[in-house]
Amino acid sequence: PPGAGAPAGAPAGAPAGAPAGAPAEGPGGRVELSSALASPEVVKTASEPAHAQRLAPHLPPTAPQDDVRTTLLSPHFAQAANQFSSALSTGQMGPVMSQFGLAAGVTTAANTGDMQAFFKALESNSSSSDSSKAQKEEDK
Amino acid sequence: MESAGNWCLIESDPGVFTQLIKTFGVKGVQVEEMWTIDEGIFENLRPVHGLIFLFKYVQHDEPSSPVVTDERLQKIYFAKQVINNACATQAVVSLLLNCNHPDVDLGPELTKLKEFSMSFDPKMRGLTLSNSQTIRAAHNSMAQQTLFEIDPKMASKDEDTYHFIGYTEIDGRIYELDGLKEGPIDHGPVSAEQDWLDVVRPIIIRRINAYIDGEIHFSLMAIVSDRKMIYERQMDELLNENHVLGMETDDVENEVRRLKLLIEYEDAKMDKYKQDMIRRRHNYLPFIITLLKILAEEKKLVPLYEKMKERLVKKKEKKLKV
């Protein structure tokens, strides 16, 4: 079953133009990604050399180049992250996900507007275990 | 970091305003944020061409000074606000078009706009302003990059409305330019021996005090002459005067050193504005997706969500107690 944050009545695979319901937590109580992604745990994980290297091509092209940490803590990134989470919670991110080559299960979860389901789908798909992927589809 | 009103909060950055003005083609001015309204705050910023006061809009307006409806309207550039999101730009443009100072070069676009719309009434001026391609393009180029086409109504339901108003001196009187009012508001004369900034300060303090009581957010910005231009001018004068008056070389050297530092400071500030604009316009979506993938691989995504939820619940509980 979908998590506590799921809005009612957003069918999986709904077209981007017609997502249903209000943001998952309602006005004023929305789960904001920006503060979560600027937390020390995330900054530490993202700054590990192997990860930082993967993120480097997507950093803003400032001169001198900002590092991952500076970016995660910047107000500009915060705004983008919050925009992402509000679009996600209104079920508008599904089509965008498929453009990034994410698995169908991730796109489906994104379409529901349920951030928890989306995160779960991302985790189970990145484990690249086919059985857990199938399990995920059944759960929907 | 709160999402509410982000559009306007970003827009009220002095770097954004300074670059906005440059994008209009205006030369010789920049915008500085004022952190206090204490006496003497304008000392190092003169000449000040106008003040922009930004506050969270509330429908409670104290009866204020008289609204100008007479023939002065033909000389004062006042435009009614017809588009809400343009309020910041409108405040800046209104102040610039009323500015008549040798430091300020309006440039071809704003000069054309002024010549074209001065014969219009305030409503038509507002329409002309919001229909100007140049101004709209400049304004939009300052906005944060949007990640994708989303329904803005859904994302911004609980956003606060911010409002920008301008204060300036025109022909020896202080006027408040608020696009939501019927006309400029006359705050009275500035006598010959007075500086308009000393006269406007108590007017703004009164306004701020009213907002502090209501816990309303506000900020104050000043449109000033390009600081680097001022310092370079002072440097030139200093070096020329030195020949004429035979000043002590030590004093001259100290002053030259001081001005050089100030110029370096201005250069660094302008560079920071540029870098901030690169950040502001950057598309962070690939970065966010890659980051979420990394966190998913590390199995740190679901725990992160749970922490976010927890924090939210705590926040709600706190709110209920109040």
# chains A, B, ... in the order shown; residues from 1 in each chain; ligands from 1
>>> select_by_dssp(residues="region 51-101 of chain A", states="helix (DSSP H, G or I)", output="count of residues only")
34
>>> interface_residues(of="chain B", to="chain A", cutoff="6 Å", atoms="only C-alpha atoms", output="list in words")
Ala155, Asp158, Gln275, Arg279, Arg280, His282, Phe287, Ala296, Glu297 and Val302 of chain B
>>> atom_distance(atom1="CA of Gly166 (chain B)", atom2="CA of Ala79 (chain B)")
11.6 Å
>>> residues_around(residues="Lys22 (chain B)", least_positions_apart="5", cutoff="10 Å", atoms="only C-alpha atoms", output="JSON, numbers by chain")
{"B": [16, 17, 27, 28, 29, 30, 106, 107, 138]}
>>> write_last_selection(atoms="all heavy atoms", output="compact mmCIF listing (two decimals), in the first residue's frame")
# COMPACT_ATOMS: atom_id res chain seq x y z
N VAL B 16 20.49 40.88 -8.01
CA VAL B 16 19.50 40.71 -9.07
C VAL B 16 19.05 42.07 -9.59
O VAL B 16 19.01 42.31 -10.80
CB VAL B 16 18.29 39.89 -8.57
CG1 VAL B 16 17.17 39.89 -9.59
CG2 VAL B 16 18.70 38.46 -8.26
N PHE B 17 18.78 42.99 -8.66
CA PHE B 17 18.33 44.32 -9.07
C PHE B 17 19.41 45.05 -9.86
O PHE B 17 19.13 45.69 -10.86
CB PHE B 17 17.95 45.16 -7.83
CG PHE B 17 16.54 44.90 -7.37
CD1 PHE B 17 15.73 43.99 -8.02
CD2 PHE B 17 16.03 45.58 -6.27
CE1 PHE B 17 14.43 43.76 -7.59
CE2 PHE B 17 14.73 45.36 -5.83
CZ PHE B 17 13.93 44.45 -6.49
N LYS B 27 23.01 52.86 -17.31
CA LYS B 27 24.39 52.91 -16.84
C LYS B 27 24.53 53.88 -15.67
O LYS B 27 23.77 54.83 -15.56
CB LYS B 27 25.30 53.38 -17.99
CG LYS B 27 25.44 52.34 -19.08
CD LYS B 27 26.67 52.64 -19.95
CE LYS B 27 26.81 51.58 -21.02
NZ LYS B 27 25.94 51.86 -22.19
N GLY B 28 25.51 53.61 -14.82
CA GLY B 28 25.83 54.54 -13.74
C GLY B 28 25.10 54.29 -12.43
O GLY B 28 25.21 55.11 -11.52
N VAL B 29 24.35 53.20 -12.32
CA VAL B 29 23.67 52.93 -11.05
C VAL B 29 23.83 51.48 -10.59
O VAL B 29 24.12 50.59 -11.39
CB VAL B 29 22.14 53.22 -11.11
CG1 VAL B 29 21.86 54.68 -11.04
CG2 VAL B 29 21.50 52.60 -12.34
N GLN B 30 23.66 51.26 -9.32
CA GLN B 30 23.60 49.92 -8.76
C GLN B 30 22.65 49.95 -7.57
O GLN B 30 22.22 51.02 -7.12
CB GLN B 30 25.00 49.44 -8.34
CG GLN B 30 25.59 50.14 -7.14
CD GLN B 30 27.06 49.75 -6.96
OE1 GLN B 30 27.86 49.85 -7.88
NE2 GLN B 30 27.41 49.33 -5.76
N LEU B 106 19.96 56.61 -18.61
CA LEU B 106 18.85 55.66 -18.76
C LEU B 106 19.04 54.68 -19.91
O LEU B 106 18.46 53.60 -19.91
CB LEU B 106 17.53 56.42 -18.96
CG LEU B 106 16.87 57.06 -17.75
CD1 LEU B 106 15.54 57.67 -18.15
CD2 LEU B 106 16.67 56.05 -16.62
N GLY B 107 19.84 55.07 -20.89
CA GLY B 107 20.02 54.19 -22.04
C GLY B 107 18.85 54.30 -23.00
O GLY B 107 17.80 54.85 -22.65
N ALA B 138 14.17 41.23 -19.82
CA ALA B 138 15.17 41.48 -18.78
C ALA B 138 14.70 40.88 -17.46
O ALA B 138 15.44 40.18 -16.77
CB ALA B 138 15.41 42.97 -18.63
>>> atom_distance(atom1="CA of Asp178 (chain B)", atom2="CA of Glu43 (chain B)")
26.1 Å
>>> atom_distance(atom1="CA of Asp13 (chain B)", atom2="CA of Tyr162 (chain B)")
13.3 Å
